[in-house]
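Asker: Have a look at this one before I ask anything.
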Amino acid sequence: MKNRQADRFIYIVGEHQDGIIPENPEVFAFTKKSMERVETAELALVLANVFARGQYFPGPSGALASVIHEFVARSERYNQKAARLKKGRCTLVTVFKRLDGEISVKVTAVMPVEPGSLDPERAEGFHRLLLKELPGFQSALVEEAYAPESKLIDIVKEATMHHIQGSLQ
């Protein structure tokens, strides 16, 4: 627990699978040096293959966590918003199919998190956070056109219903 940042997570939501990892300052420091020559597009391709296409990552899980950390660290959105969220945050990385058939990989949001409210072993809490916070970052979701069969469409519909039901109570 010493090398992970409490209440700071990275939540990856993709067409094929999702993932949750704790932010780790040591991994950020390591990848900054060790991956400086790796193009951001290459990092995005790895994430697209794993989370959108369901391909097996051919290395240890720690290596995939390093790719995720480095991709996040290079994001302007992450760098702008993470500095303001000192206590708790969840960085959302989305990996969805666009209308042109390509896979969009991006840091979509950095969401505030109440300390102690999320458990990386319980994915449903992260999904509820996504549904709750989606209206606050919906503009990031219209930066690109997504395929009608994209999982993102179902998430937006679910978030809409979540907020409608919440307003009726």
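Convention: chains lettered A, B, ... in structure tokens order; per-chain residue numbering from 1; ligands numbered from 1 as shown.
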Select from range 56-138 of chain A every residue with an atom at most 6 Å from any atom of range 31-52 of chain A, then for each give the shortest pair of atoms and their distance in Å to one decimal, using only C-alpha atoms, rows by chain and rising number, as a tab-separated table.
Answerer:
residue	atom	partner	partner_atom	distance
A:Glu70	CA	A:Thr31	CA	5.8
A:Val95	CA	A:Ala52	CA	5.9
A:Val105	CA	A:Ala44	CA	5.8
Asker: I'd like the contact shell of range 72-82 of chain A - 12 Å cut-off, only C-alpha atoms, skipping same-chain residues fewer than 2 positions apart - returned as number ranges by chain.
Answerer: A: 8-12, 21, 23-25, 27-33, 35-36, 38-41, 43-44, 47, 65-70, 84-94, 105-113, 137, 140
Asker: Would you list, as an MDAnalysis selection string, the residues of chain A that end up in strand (DSSP E) under DSSP run on this structure's backbone?
Answerer: chainID A and resid 8:14 18:22 89:97 103:112
Asker: Please produce an output containing N, CA, C and O atoms for each residue in the selection, written as a compact mmCIF listing (two decimals), in the first residue's frame.
Answerer:
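Printed below is out-v2.txt as written:
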# COMPACT_ATOMS: atom_id res chain seq x y z
N ARG A 8 -6.78 7.28 -5.31
CA ARG A 8 -6.48 7.76 -6.66
C ARG A 8 -6.40 6.54 -7.57
O ARG A 8 -5.57 5.66 -7.37
N PHE A 9 -7.30 6.53 -8.55
CA PHE A 9 -7.44 5.35 -9.40
C PHE A 9 -7.45 5.73 -10.86
O PHE A 9 -7.74 6.87 -11.23
N ILE A 10 -7.19 4.73 -11.69
CA ILE A 10 -7.36 4.84 -13.14
C ILE A 10 -8.38 3.77 -13.52
O ILE A 10 -8.20 2.59 -13.20
N TYR A 11 -9.46 4.21 -14.15
CA TYR A 11 -10.55 3.33 -14.55
C TYR A 11 -10.60 3.34 -16.07
O TYR A 11 -10.83 4.37 -16.68
N ILE A 12 -10.34 2.17 -16.67
CA ILE A 12 -10.34 2.05 -18.12
C ILE A 12 -11.63 1.35 -18.53
O ILE A 12 -11.94 0.27 -18.03
N VAL A 13 -12.39 1.99 -19.42
CA VAL A 13 -13.64 1.41 -19.91
C VAL A 13 -13.48 1.22 -21.41
O VAL A 13 -13.25 2.19 -22.14
N GLY A 14 -13.60 -0.03 -21.84
CA GLY A 14 -13.40 -0.34 -23.24
C GLY A 14 -14.53 -1.15 -23.83
O GLY A 14 -15.42 -1.63 -23.12
N ASP A 18 -13.01 -3.86 -19.18
CA ASP A 18 -12.70 -2.70 -18.34
C ASP A 18 -11.56 -3.08 -17.40
O ASP A 18 -11.26 -4.26 -17.20
N GLY A 19 -10.96 -2.08 -16.80
CA GLY A 19 -9.89 -2.33 -15.84
C GLY A 19 -9.82 -1.21 -14.82
O GLY A 19 -10.20 -0.08 -15.09
N ILE A 20 -9.33 -1.56 -13.64
CA ILE A 20 -9.16 -0.60 -12.56
C ILE A 20 -7.77 -0.83 -11.97
O ILE A 20 -7.43 -1.97 -11.61
N ILE A 21 -6.99 0.23 -11.89
CA ILE A 21 -5.71 0.13 -11.21
C ILE A 21 -5.54 1.36 -10.32
O ILE A 21 -6.03 2.44 -10.65
N PRO A 22 -4.86 1.20 -9.20
CA PRO A 22 -4.56 2.38 -8.38
C PRO A 22 -3.45 3.18 -9.05
O PRO A 22 -2.55 2.61 -9.67
N ARG A 89 -9.29 11.01 -6.57
CA ARG A 89 -9.68 11.19 -7.97
C ARG A 89 -9.70 9.84 -8.66
O ARG A 89 -9.05 8.89 -8.25
N CYS A 90 -10.44 9.82 -9.72
CA CYS A 90 -10.50 8.65 -10.58
C CYS A 90 -10.37 9.15 -12.02
O CYS A 90 -11.21 9.92 -12.49
N THR A 91 -9.30 8.74 -12.66
CA THR A 91 -9.06 9.13 -14.05
C THR A 91 -9.73 8.10 -14.95
O THR A 91 -9.47 6.90 -14.84
N LEU A 92 -10.61 8.58 -15.82
CA LEU A 92 -11.34 7.72 -16.74
C LEU A 92 -10.64 7.71 -18.09
O LEU A 92 -10.48 8.75 -18.73
N VAL A 93 -10.24 6.52 -18.52
CA VAL A 93 -9.68 6.31 -19.85
C VAL A 93 -10.73 5.53 -20.63
O VAL A 93 -11.17 4.46 -20.19
N THR A 94 -11.14 6.06 -21.77
CA THR A 94 -12.13 5.36 -22.59
C THR A 94 -11.46 4.81 -23.85
O THR A 94 -10.56 5.43 -24.42
N VAL A 95 -11.93 3.63 -24.24
CA VAL A 95 -11.38 2.93 -25.40
C VAL A 95 -12.57 2.40 -26.20
O VAL A 95 -13.03 1.28 -26.01
N PHE A 96 -13.09 3.26 -27.11
CA PHE A 96 -14.33 2.95 -27.82
C PHE A 96 -14.16 3.07 -29.33
O PHE A 96 -13.34 3.84 -29.83
N LYS A 97 -15.02 2.35 -30.03
CA LYS A 97 -15.01 2.34 -31.49
C LYS A 97 -15.69 3.60 -32.02
O LYS A 97 -16.80 3.93 -31.65
N ILE A 103 -10.37 2.91 -33.32
CA ILE A 103 -10.59 2.92 -31.88
C ILE A 103 -10.05 4.22 -31.30
O ILE A 103 -8.91 4.61 -31.55
N SER A 104 -10.88 4.90 -30.54
CA SER A 104 -10.49 6.12 -29.84
C SER A 104 -10.02 5.74 -28.44
O SER A 104 -10.74 5.06 -27.70
N VAL A 105 -8.81 6.16 -28.10
CA VAL A 105 -8.26 5.93 -26.77
C VAL A 105 -7.91 7.30 -26.21
O VAL A 105 -7.10 8.01 -26.79
N LYS A 106 -8.56 7.65 -25.09
CA LYS A 106 -8.26 8.97 -24.52
C LYS A 106 -8.60 9.03 -23.04
O LYS A 106 -9.42 8.26 -22.55
N VAL A 107 -7.94 9.96 -22.39
CA VAL A 107 -8.34 10.30 -21.03
C VAL A 107 -9.54 11.20 -21.19
O VAL A 107 -9.45 12.30 -21.73
N THR A 108 -10.68 10.72 -20.75
CA THR A 108 -11.95 11.41 -20.96
C THR A 108 -12.30 12.33 -19.81
O THR A 108 -12.89 13.39 -20.01
N ALA A 109 -11.93 11.95 -18.59
CA ALA A 109 -12.29 12.75 -17.42
C ALA A 109 -11.38 12.41 -16.25
O ALA A 109 -10.80 11.33 -16.19
N VAL A 110 -11.28 13.37 -15.35
CA VAL A 110 -10.67 13.15 -14.05
C VAL A 110 -11.74 13.55 -13.05
O VAL A 110 -12.10 14.72 -12.94
N MET A 111 -12.29 12.53 -12.38
CA MET A 111 -13.47 12.73 -11.53
C MET A 111 -13.07 12.79 -10.06
O MET A 111 -12.21 12.03 -9.62
N PRO A 112 -13.72 13.66 -9.30
CA PRO A 112 -13.44 13.70 -7.86
C PRO A 112 -13.98 12.45 -7.17
O PRO A 112 -15.01 11.91 -7.57
Asker: Could you check the closest approach to Ala145 in chain A for each of A:Gly54, A:Leu99, A:Gly62, A:Pro120 and tell me which residue wins, using only C-alpha atoms?
Answerer: A:Leu99
